[in-house]
$ cat start_32.csv   # CSV, C-alpha atoms
chain,number,residue,atom,x,y,z
A,134,MET,CA,-67.3,43.4,33.6
A,135,ARG,CA,-65.6,42.0,36.7
A,136,LYS,CA,-67.9,40.8,39.5
A,137,VAL,CA,-66.7,41.6,43.0
A,138,TYR,CA,-68.6,40.5,46.1
A,139,LEU,CA,-67.7,42.5,49.2
A,140,ASP,CA,-70.8,41.9,51.3
A,141,HIS,CA,-70.0,38.7,53.2
A,142,ALA,CA,-71.4,40.1,56.4
A,143,ALA,CA,-74.8,40.1,54.7
A,144,THR,CA,-74.6,36.6,53.4
A,145,THR,CA,-71.9,34.2,52.2
A,146,PRO,CA,-71.9,31.8,49.3
A,147,MET,CA,-72.3,28.2,50.3
A,148,ARG,CA,-69.2,26.0,50.3
A,149,PRO,CA,-69.4,23.5,47.5
A,150,GLU,CA,-69.0,20.6,50.0
A,151,ALA,CA,-72.0,21.9,52.0
A,152,ILE,CA,-74.0,22.0,48.7
A,153,SER,CA,-73.0,18.4,48.0
A,154,VAL,CA,-74.1,17.3,51.4
A,155,MET,CA,-77.5,19.1,51.0
A,156,VAL,CA,-78.1,17.5,47.5
A,157,ASP,CA,-77.2,14.1,48.7
A,158,LEU,CA,-79.6,14.3,51.7
A,159,MET,CA,-82.4,15.5,49.4
A,160,ASN,CA,-81.9,12.4,47.3
A,161,ASN,CA,-81.1,9.9,49.9
A,162,ASN,CA,-82.4,11.1,53.3
A,163,PHE,CA,-85.8,12.6,52.8
A,164,GLY,CA,-87.6,11.0,55.7
A,165,ASN,CA,-89.6,12.8,58.5
A,166,PRO,CA,-87.4,12.7,61.6
A,167,SER,CA,-90.5,12.2,63.7
A,168,SER,CA,-91.5,9.0,61.9
A,169,THR,CA,-90.8,5.8,63.7
A,170,HIS,CA,-90.0,3.7,60.6
A,171,ALA,CA,-86.4,3.2,59.3
A,172,ILE,CA,-86.5,6.0,56.8
A,173,GLY,CA,-87.6,8.5,59.5
A,174,ARG,CA,-85.1,7.1,62.0
A,175,LYS,CA,-82.3,7.7,59.4
A,176,ALA,CA,-83.2,11.3,59.1
A,177,LYS,CA,-83.4,11.7,62.9
A,178,ALA,CA,-79.9,10.0,63.2
A,179,LEU,CA,-78.5,12.6,60.8
A,180,ILE,CA,-79.9,15.5,62.8
A,181,GLU,CA,-78.5,14.2,66.1
A,182,SER,CA,-75.1,13.3,64.5
A,183,SER,CA,-74.8,16.8,63.1
A,184,ARG,CA,-75.8,18.3,66.5
A,185,LYS,CA,-73.1,16.3,68.3
A,186,LYS,CA,-70.4,17.3,65.8
A,187,MET,CA,-71.3,20.9,66.1
A,188,ALA,CA,-71.4,20.7,69.8
A,189,LYS,CA,-67.9,19.3,69.9
A,190,LEU,CA,-66.6,22.2,67.7
A,191,LEU,CA,-68.3,24.7,70.0
A,192,GLU,CA,-67.4,23.0,73.2
A,193,VAL,CA,-71.0,22.7,74.4
A,194,LYS,CA,-73.3,19.8,75.1
A,195,SER,CA,-75.3,18.6,72.1
A,196,LYS,CA,-78.6,18.9,74.0
A,197,GLU,CA,-77.9,22.7,74.4
A,198,ILE,CA,-78.2,23.3,70.6
A,199,VAL,CA,-81.6,24.2,69.3
A,200,PHE,CA,-82.0,24.5,65.5
A,201,THR,CA,-84.1,27.4,64.3
A,202,SER,CA,-84.9,29.2,61.1
A,203,GLY,CA,-82.1,31.6,61.5
A,204,GLY,CA,-80.4,34.1,63.8
A,205,THR,CA,-83.5,36.3,64.2
A,206,GLU,CA,-85.7,33.5,65.5
A,207,ALA,CA,-82.9,32.3,67.8
A,208,ASP,CA,-82.5,35.8,69.2
A,209,ASN,CA,-86.3,36.1,69.8
A,210,LEU,CA,-86.4,32.6,71.3
A,211,VAL,CA,-83.8,33.5,73.9
A,212,ILE,CA,-84.9,37.0,74.8
A,213,ILE,CA,-88.6,36.4,74.9
A,214,GLY,CA,-88.0,33.1,76.7
A,215,ALA,CA,-85.8,34.8,79.3
A,216,VAL,CA,-88.6,37.2,80.2
A,217,LYS,CA,-91.5,34.7,80.0
A,218,ASP,CA,-89.9,31.7,81.5
A,219,LEU,CA,-86.9,32.8,83.6
A,220,GLY,CA,-88.5,35.9,85.3
A,221,VAL,CA,-86.3,38.5,83.7
A,222,LYS,CA,-87.5,42.0,84.6
A,223,ARG,CA,-84.7,44.1,83.1
A,224,ILE,CA,-82.8,43.8,79.8
A,225,ILE,CA,-79.5,45.7,79.2
A,226,THR,CA,-78.4,46.0,75.6
A,227,SER,CA,-76.8,48.6,73.3
A,228,LYS,CA,-78.3,50.8,70.6
A,229,ILE,CA,-76.1,49.3,68.0
A,230,GLU,CA,-77.3,45.7,68.2
A,231,HIS,CA,-78.8,44.0,65.2
A,232,HIS,CA,-82.5,44.7,64.9
A,233,ALA,CA,-83.3,41.1,65.7
A,234,VAL,CA,-82.4,42.1,69.2
A,235,LEU,CA,-83.4,45.8,69.2
A,236,ASN,CA,-86.9,45.3,67.8
A,237,CYS,CA,-87.5,42.3,70.1
A,238,VAL,CA,-86.6,44.2,73.3
A,239,GLU,CA,-88.6,47.2,72.1
A,240,HIS,CA,-91.6,44.9,71.7
A,241,LEU,CA,-91.2,43.5,75.2
A,242,ALA,CA,-90.8,47.0,76.6
A,243,ASN,CA,-94.1,48.0,75.0
A,244,SER,CA,-96.1,44.8,75.7
A,245,SER,CA,-94.9,43.9,79.2
A,246,SER,CA,-93.5,45.3,82.4
A,247,VAL,CA,-89.9,44.6,81.4
A,248,GLU,CA,-87.5,47.5,81.7
A,249,VAL,CA,-85.0,48.1,78.8
A,250,LEU,CA,-81.7,49.9,79.4
A,251,TYR,CA,-79.0,50.8,77.0
A,252,VAL,CA,-75.3,50.7,77.9
A,253,ASN,CA,-73.2,53.7,76.9
A,254,LEU,CA,-70.7,53.6,74.1
A,255,THR,CA,-67.1,55.0,74.2
A,256,LYS,CA,-66.3,57.8,71.8
A,257,ASN,CA,-65.3,55.3,69.1
A,258,GLY,CA,-68.4,53.2,69.5
A,259,LEU,CA,-67.2,50.4,71.8
A,260,ILE,CA,-69.2,49.1,74.8
A,261,ASN,CA,-68.5,51.1,77.9
A,262,TYR,CA,-67.9,48.2,80.4
A,263,THR,CA,-67.8,50.6,83.4
A,264,HIS,CA,-71.3,51.8,82.5
A,265,LEU,CA,-72.5,48.2,82.0
A,266,GLU,CA,-71.3,47.4,85.5
A,267,HIS,CA,-73.0,50.5,86.9
A,268,LEU,CA,-76.3,49.5,85.3
A,269,LEU,CA,-76.1,46.1,86.8
A,270,ALA,CA,-75.2,47.4,90.2
A,271,GLU,CA,-78.1,49.8,90.5
A,272,SER,CA,-80.8,47.1,90.7
A,273,ASP,CA,-81.2,43.6,91.9
A,274,LYS,CA,-84.1,42.8,89.6
A,275,PRO,CA,-83.5,39.6,87.5
A,276,THR,CA,-81.6,40.9,84.4
A,277,LEU,CA,-80.6,39.7,81.0
A,278,VAL,CA,-77.6,41.4,79.2
A,279,SER,CA,-77.8,41.0,75.4
A,280,LEU,CA,-74.7,42.2,73.6
A,281,MET,CA,-73.4,40.9,70.3
A,282,HIS,CA,-69.9,39.5,69.9
A,283,ILE,CA,-69.1,41.3,66.7
A,284,ASN,CA,-71.0,44.3,65.4
A,285,ASN,CA,-72.3,43.6,61.9
A,286,GLU,CA,-71.7,47.2,60.6
A,287,VAL,CA,-68.4,48.3,62.0
A,288,GLY,CA,-67.0,45.0,63.1
A,289,HIS,CA,-66.4,46.0,66.8
A,290,ILE,CA,-65.4,43.0,68.9
A,291,ASN,CA,-67.0,42.8,72.4
A,292,ASP,CA,-65.0,41.0,75.1
A,293,LEU,CA,-67.2,38.1,75.9
A,294,LYS,CA,-65.0,37.0,78.8
A,295,GLN,CA,-65.2,40.4,80.4
A,296,ILE,CA,-68.9,40.8,79.9
A,297,SER,CA,-69.6,37.3,81.3
A,298,GLU,CA,-67.5,38.1,84.4
A,299,ILE,CA,-69.4,41.3,85.0
A,300,CYS,CA,-72.7,39.5,84.5
A,301,GLN,CA,-71.7,36.7,86.9
A,302,LYS,CA,-70.7,39.3,89.6
A,303,TYR,CA,-74.3,40.7,89.5
A,304,LYS,CA,-76.0,37.3,88.9
A,305,ALA,CA,-77.3,38.5,85.5
A,306,LEU,CA,-78.0,36.2,82.5
A,307,PHE,CA,-75.9,36.8,79.4
A,308,HIS,CA,-76.9,36.4,75.8
A,309,SER,CA,-74.7,37.1,72.8
A,310,ASP,CA,-75.6,37.3,69.2
A,311,THR,CA,-72.6,35.6,67.6
A,312,VAL,CA,-73.9,35.7,64.0
A,313,GLN,CA,-70.8,37.5,62.8
A,314,SER,CA,-68.2,35.4,64.8
A,315,ILE,CA,-69.2,31.8,64.9
A,316,GLY,CA,-67.1,30.0,62.2
A,317,PHE,CA,-64.5,32.9,62.1
A,318,TYR,CA,-63.3,33.1,65.7
A,319,PRO,CA,-62.7,30.2,68.2
A,320,LEU,CA,-65.1,30.7,71.0
A,321,ASP,CA,-64.0,29.3,74.4
A,322,LEU,CA,-67.5,28.3,75.5
A,323,LYS,CA,-66.1,25.6,77.8
A,324,HIS,CA,-64.5,28.2,80.0
A,325,ILE,CA,-66.5,31.4,79.3
A,326,PRO,CA,-69.9,31.2,81.1
A,327,ILE,CA,-72.4,32.5,78.6
A,328,ASP,CA,-76.0,31.5,79.1
A,329,PHE,CA,-77.2,31.9,75.5
A,330,LEU,CA,-75.6,32.2,72.1
A,331,THR,CA,-77.3,32.6,68.7
A,332,ALA,CA,-76.0,32.0,65.2
A,333,SER,CA,-77.1,31.8,61.5
A,334,ALA,CA,-75.7,29.3,59.0
A,335,HIS,CA,-75.7,31.5,55.9
A,336,LYS,CA,-73.1,33.8,57.6
A,337,PHE,CA,-70.5,31.0,57.7
A,338,ASN,CA,-71.0,29.6,54.2
A,339,GLY,CA,-73.9,27.4,55.1
A,340,PRO,CA,-77.5,27.5,53.8
A,341,LYS,CA,-80.1,30.2,54.4
A,342,GLY,CA,-83.2,29.6,56.5
A,343,ILE,CA,-81.4,27.8,59.3
A,344,GLY,CA,-79.6,28.9,62.5
A,345,PHE,CA,-79.4,27.8,66.1
A,346,ALA,CA,-79.5,28.9,69.6
A,347,ILE,CA,-77.2,27.5,72.3
A,348,ILE,CA,-79.2,27.4,75.5
A,349,LYS,CA,-77.2,26.2,78.5
A,350,GLU,CA,-78.8,23.2,80.1
A,351,GLN,CA,-79.8,24.9,83.4
A,352,HIS,CA,-82.2,27.2,81.5
A,353,ASN,CA,-85.6,25.7,80.6
A,354,LEU,CA,-87.1,27.9,77.9
A,355,ASN,CA,-90.5,27.2,76.4
A,356,PRO,CA,-91.0,27.3,72.7
A,357,LEU,CA,-92.2,30.3,70.7
A,358,ILE,CA,-93.6,28.0,68.0
A,359,PHE,CA,-96.2,25.5,69.1
A,360,GLY,CA,-97.2,22.2,67.5
A,361,GLY,CA,-95.1,19.1,67.8
A,362,SER,CA,-92.4,18.1,70.3
A,363,GLN,CA,-89.4,18.5,68.0
A,364,GLU,CA,-86.1,19.8,69.3
A,365,ARG,CA,-86.8,18.3,72.7
A,366,GLY,CA,-90.0,20.3,72.9
A,367,ARG,CA,-88.2,23.6,72.4
A,368,ARG,CA,-89.2,24.3,68.8
A,369,ALA,CA,-92.2,22.7,67.0
A,370,GLY,CA,-92.1,21.9,63.3
A,371,THR,CA,-90.6,19.3,61.1
A,372,GLU,CA,-86.8,19.7,61.2
A,373,ASN,CA,-85.0,21.0,58.2
A,374,VAL,CA,-82.9,17.8,57.7
A,375,TYR,CA,-81.1,18.9,54.5
A,376,SER,CA,-80.0,22.3,56.0
A,377,VAL,CA,-78.9,20.7,59.3
A,378,GLY,CA,-76.5,18.4,57.5
A,379,ALA,CA,-75.2,21.3,55.3
A,380,THR,CA,-74.8,23.5,58.3
A,381,GLU,CA,-72.7,21.0,60.2
A,382,LYS,CA,-70.5,20.5,57.1
A,383,ALA,CA,-70.1,24.3,56.6
A,384,LEU,CA,-69.2,24.8,60.3
A,385,THR,CA,-66.7,21.9,60.3
A,386,LEU,CA,-65.0,23.3,57.3
A,387,ALA,CA,-65.0,26.8,58.8
A,388,TYR,CA,-63.1,25.5,61.8
A,389,GLU,CA,-60.7,23.4,59.7
A,390,ASN,CA,-59.8,26.4,57.6
A,391,MET,CA,-60.2,29.2,60.2
A,392,THR,CA,-56.5,30.1,60.8
A,393,ARG,CA,-55.5,30.1,57.1
A,394,GLU,CA,-58.6,32.0,55.9
A,395,ARG,CA,-58.3,34.5,58.7
A,396,GLU,CA,-54.7,35.4,57.7
A,397,HIS,CA,-55.8,35.8,54.1
A,398,VAL,CA,-58.6,38.1,55.0
A,399,LYS,CA,-56.4,40.1,57.3
A,400,THR,CA,-54.1,40.7,54.4
A,401,LEU,CA,-57.0,41.9,52.2
A,402,LYS,CA,-58.3,44.3,54.9
A,403,THR,CA,-54.8,45.7,55.5
A,404,TYR,CA,-54.3,46.2,51.8
A,405,CYS,CA,-57.7,47.9,51.4
A,406,ILE,CA,-57.0,50.3,54.3
A,407,THR,CA,-53.6,51.3,52.8
A,408,LYS,CA,-55.1,51.6,49.3
A,409,LEU,CA,-58.0,53.8,50.5
A,410,GLU,CA,-55.7,56.0,52.5
A,411,ALA,CA,-53.4,56.5,49.5
A,412,THR,CA,-56.3,57.3,47.1
A,413,PHE,CA,-58.5,59.3,49.6
A,414,PRO,CA,-56.3,61.1,52.2
A,415,ASP,CA,-59.4,62.3,54.1
A,416,VAL,CA,-60.9,58.9,54.5
A,417,ARG,CA,-62.4,58.2,57.9
A,418,PHE,CA,-62.5,54.6,59.1
A,419,ASN,CA,-65.7,54.5,61.2
A,420,GLY,CA,-65.5,53.7,64.9
A,421,ALA,CA,-62.6,51.3,65.5
A,422,SER,CA,-63.2,49.6,62.2
A,423,SER,CA,-59.5,49.8,61.1
A,424,ASP,CA,-58.1,48.6,64.4
A,425,PHE,CA,-57.5,44.8,64.2
A,426,ASN,CA,-57.3,44.6,68.0
A,427,LEU,CA,-60.8,46.1,68.3
A,428,SER,CA,-62.6,45.1,65.1
A,429,SER,CA,-63.1,42.0,63.0
A,430,HIS,CA,-60.6,41.2,60.3
A,431,LYS,CA,-63.5,40.7,57.9
A,432,ILE,CA,-65.4,44.0,58.2
A,433,LEU,CA,-64.2,47.5,57.2
A,434,ASN,CA,-66.5,50.6,57.4
A,435,PHE,CA,-65.4,54.0,56.1
A,436,THR,CA,-66.6,57.4,55.0
A,437,ILE,CA,-65.0,59.8,52.6
A,438,PRO,CA,-66.0,63.5,53.1
A,439,LEU,CA,-66.8,64.3,49.5
A,440,PRO,CA,-70.1,65.7,48.1
A,441,LYS,CA,-70.7,62.5,46.0
A,442,PHE,CA,-70.4,60.2,49.0
A,443,GLU,CA,-74.0,59.3,49.7
A,444,SER,CA,-74.1,55.7,50.5
A,445,ASP,CA,-77.4,54.7,48.8
A,446,MET,CA,-76.5,56.2,45.5
A,447,LEU,CA,-72.9,55.1,45.8
A,448,ILE,CA,-74.0,51.5,46.3
A,449,LEU,CA,-76.1,51.6,43.2
A,450,GLN,CA,-73.2,53.1,41.1
A,451,LEU,CA,-70.8,50.5,42.4
A,452,ASP,CA,-73.4,47.8,41.5
A,453,LEU,CA,-73.4,49.0,37.9
A,454,HIS,CA,-69.7,48.2,37.9
A,455,GLY,CA,-70.3,44.7,39.2
A,456,ILE,CA,-69.3,45.5,42.8
A,457,ALA,CA,-71.5,44.4,45.7
A,458,CYS,CA,-71.2,46.1,49.1
A,459,SER,CA,-73.5,47.8,51.5
A,460,LYS,CA,-74.0,50.6,54.1
A,461,GLY,CA,-74.8,48.1,56.9
A,462,SER,CA,-77.3,45.5,57.8
A,463,ALA,CA,-79.2,44.0,54.9
A,464,CYS,CA,-82.3,44.0,57.1
A,465,GLN,CA,-82.2,47.8,57.1
A,466,SER,CA,-81.3,48.3,53.4
A,467,GLY,CA,-84.5,50.3,52.7
A,468,ALA,CA,-83.7,52.9,55.4
A,469,GLN,CA,-82.9,56.4,54.1
A,470,GLU,CA,-81.5,58.1,57.2
A,471,GLY,CA,-78.0,56.7,56.9
A,472,SER,CA,-76.6,54.0,59.2
A,473,PHE,CA,-78.3,53.8,62.6
A,474,VAL,CA,-75.0,52.4,64.0
A,475,LEU,CA,-72.9,55.4,62.7
A,476,ASN,CA,-75.7,57.8,63.7
A,477,GLU,CA,-75.4,56.5,67.3
A,478,ILE,CA,-71.6,56.6,67.3
A,479,TYR,CA,-71.2,60.1,65.8
A,480,GLY,CA,-74.6,61.7,66.1
A,481,GLY,CA,-76.6,63.2,63.3
A,482,GLU,CA,-77.1,61.5,60.0
A,483,GLN,CA,-74.1,59.5,59.0
A,484,HIS,CA,-73.3,57.6,55.8
A,485,GLY,CA,-70.7,55.0,55.4
A,486,LEU,CA,-69.7,52.0,53.2
A,487,ARG,CA,-69.3,48.6,54.7
A,488,LEU,CA,-67.0,46.2,53.0
A,489,SER,CA,-66.9,42.6,54.3
A,490,PHE,CA,-64.3,40.2,53.0
A,491,SER,CA,-63.9,36.5,52.7
A,492,SER,CA,-61.3,34.0,51.6
A,493,THR,CA,-62.8,34.0,48.1
A,494,ASN,CA,-61.7,37.6,47.6
A,495,SER,CA,-58.3,38.7,46.2
A,496,ILE,CA,-56.0,41.7,46.0
A,497,VAL,CA,-57.3,42.2,42.5
A,498,ASP,CA,-60.8,42.6,43.9
A,499,ILE,CA,-59.6,45.4,46.2
A,500,ASP,CA,-57.8,47.2,43.4
A,501,TYR,CA,-60.9,47.0,41.2
A,502,PHE,CA,-63.1,48.3,44.0
A,503,VAL,CA,-60.9,51.3,44.9
A,504,ASP,CA,-60.3,52.2,41.2
A,505,LYS,CA,-64.0,52.3,40.5
A,506,LEU,CA,-64.7,54.2,43.7
A,507,LYS,CA,-62.1,56.8,42.6
A,508,GLN,CA,-63.7,57.0,39.2
A,509,ILE,CA,-67.2,57.6,40.7
A,510,LEU,CA,-66.1,60.1,43.4
A,511,LEU,CA,-63.3,62.0,41.7
A,512,ASP,CA,-63.8,61.9,38.0
$ encode --input "start_32.csv" --output "structure tokens"
Amino acid sequence: MRKVYLDHAATTPMRPEAISVMVDLMNNNFGNPSSTHAIGRKAKALIESSRKKMAKLLEVKSKEIVFTSGGTEADNLVIIGAVKDLGVKRIITSKIEHHAVLNCVEHLANSSSVEVLYVNLTKNGLINYTHLEHLLAESDKPTLVSLMHINNEVGHINDLKQISEICQKYKALFHSDTVQSIGFYPLDLKHIPIDFLTASAHKFNGPKGIGFAIIKEQHNLNPLIFGGSQERGRRAGTENVYSVGATEKALTLAYENMTREREHVKTLKTYCITKLEATFPDVRFNGASSDFNLSSHKILNFTIPLPKFESDMLILQLDLHGIACSKGSACQSGAQEGSFVLNEIYGGEQHGLRLSFSSTNSIVDIDYFVDKLKQILLD
């Protein structure tokens, strides 16, 4: 049975080069970076060297990168810190953000005096920038706008430059969860004024259990985790030396191969759209998922109006054929009420399949997937 992995938005396999770096560090650089002896200093030097290399790729200052356990912790660090340490009284976000953001702002709304507002979506599920500006204009309270760069379910791309300009106009802080874009899109952070960005290494072929926040130097956030003074006092706990080195290697390779891999994945997505349309004439590509100008090249979300198209059962049936895909965020895989993103875009209970491609996929993978989907739904 062929094995086809089409769930790269959930997680990606580590690049062999990143694995090699990780194993080498485990064998040869095991010191505690806080120790003052030579072995500890060697580990500390590795962390700071990795931080500098990543900062150069991302066009930020190395001191602005804070290593965390992943994207969820990074989101929480920024959002809670903005309220506790920067005096934010209002948070503007959308109802189709990742739950690392949505659950965090809901917690703040229930446990503090912070006001949470949700920007409207257009009919195909994109951010309504006019409404965003309206929300910012109606109050002069200190405000944080938290909008992801690329939606993890339908792949919609938010215009970071336009959002940042609107935020600057109304003196609002801007945070973007870039978990689905860092390593796949060049981010002009040197010229686009974004206050906070967050990322997770396992989304760009690095290890799980590590991510980072970019916190611009003018913002002093206190830690969520207390203990030692690691990460310049912004996150306590012994640094994950092995994963830091592997993350830097994975990000470096992602940038080196970005253009070539993006073109390959675009070809796969285009072919998949064509193949699905030919096989299922009534297929609906959800939101703007099939529009390359509005949606990521690596994510495709679709629904087929057939009685057998119920995403949870369909995912299990595809799995029996060796095909891995999803209905949306892995963090919400146990939910039975369809996709909360599609529910928000279309109303009611909506089911869809999310395919997320990578350079490791092939045309043969797409043919196999569509053939098995046809077998399940039509035979």
$ atom_distance --input "start_32.csv" --atom1 "atom CA of Gln508 of chain A" --atom2 "atom CA of Lys402 of chain A"
20.9 Å
$ closest_residue --input "start_32.csv" --among "A:Leu354, A:Ala151, A:Ala383, A:Leu488" --to "Lys217 of chain A" --atoms "only C-alpha atoms"
A:Leu354
$ closest_atom_pairs --input "start_32.csv" --of "segment 159-270 of chain A" --to "segment 343-353 of chain A" --cutoff "6 Å" --atoms "all atoms listed in the file" --output "CSV"
residue,atom,partner,partner_atom,distance
A:Glu197,CA,A:Ile348,CA,5.0
A:Ile198,CA,A:Ile347,CA,4.6
A:Val199,CA,A:Ala346,CA,5.2
A:Phe200,CA,A:Phe345,CA,4.2
A:Thr201,CA,A:Phe345,CA,5.0
A:Ser202,CA,A:Ile343,CA,4.2
A:Gly203,CA,A:Gly344,CA,3.8
A:Gly204,CA,A:Gly344,CA,5.4
A:Ala207,CA,A:Ala346,CA,5.1
$ atom_distance --input "start_32.csv" --atom1 "atom CA of Gln313 of chain A" --atom2 "atom CA of Ala411 of chain A"
29.0 Å
$ closest_residue --input "start_32.csv" --among "A:Gln483, A:Thr400, A:Asn355, A:Ser492" --to "Gly214 of chain A" --atoms "only C-alpha atoms"
A:Asn355
$ closest_residue --input "start_32.csv" --among "A:Asn209, A:Phe418, A:Gly378, A:Val247" --to "Met159 of chain A" --atoms "only C-alpha atoms"
A:Gly378
$ axis_aligned_box --input "start_32.csv" --around "segment 352-367 of chain A" --padding-each-side "6 Å" --output "AutoDock Vina command-line options"
--center_x -89.7 --center_y 24.2 --center_z 74.5 --size_x 27.0 --size_y 24.2 --size_z 26.0
$ residues_around --input "start_32.csv" --residues "Gly485 of chain A" --least-positions-apart "5" --cutoff "12 Å" --atoms "all atoms listed in the file" --output "JSON, numbers by chain"
{"A": [286, 287, 416, 417, 418, 419, 420, 422, 433, 434, 435, 436, 437, 438, 439, 442, 443, 444, 445, 446, 447, 448, 458, 459, 460, 461, 462, 470, 471, 472, 473, 474, 475, 476, 479]}
$ closest_residue --input "start_32.csv" --among "A:Arg174, A:Lys302, A:His282, A:Arg135" --to "His267 of chain A" --atoms "only C-alpha atoms"
A:Lys302
$ closest_residue --input "start_32.csv" --among "A:Thr493, A:Thr311, A:Asn373, A:Asn390" --to "Ile283 of chain A" --atoms "all atoms listed in the file"
A:Thr311
$ closest_residue --input "start_32.csv" --among "A:Lys382, A:Lys408, A:His232, A:Lys431" --to "Ser314 of chain A" --atoms "all atoms listed in the file"
A:Lys431
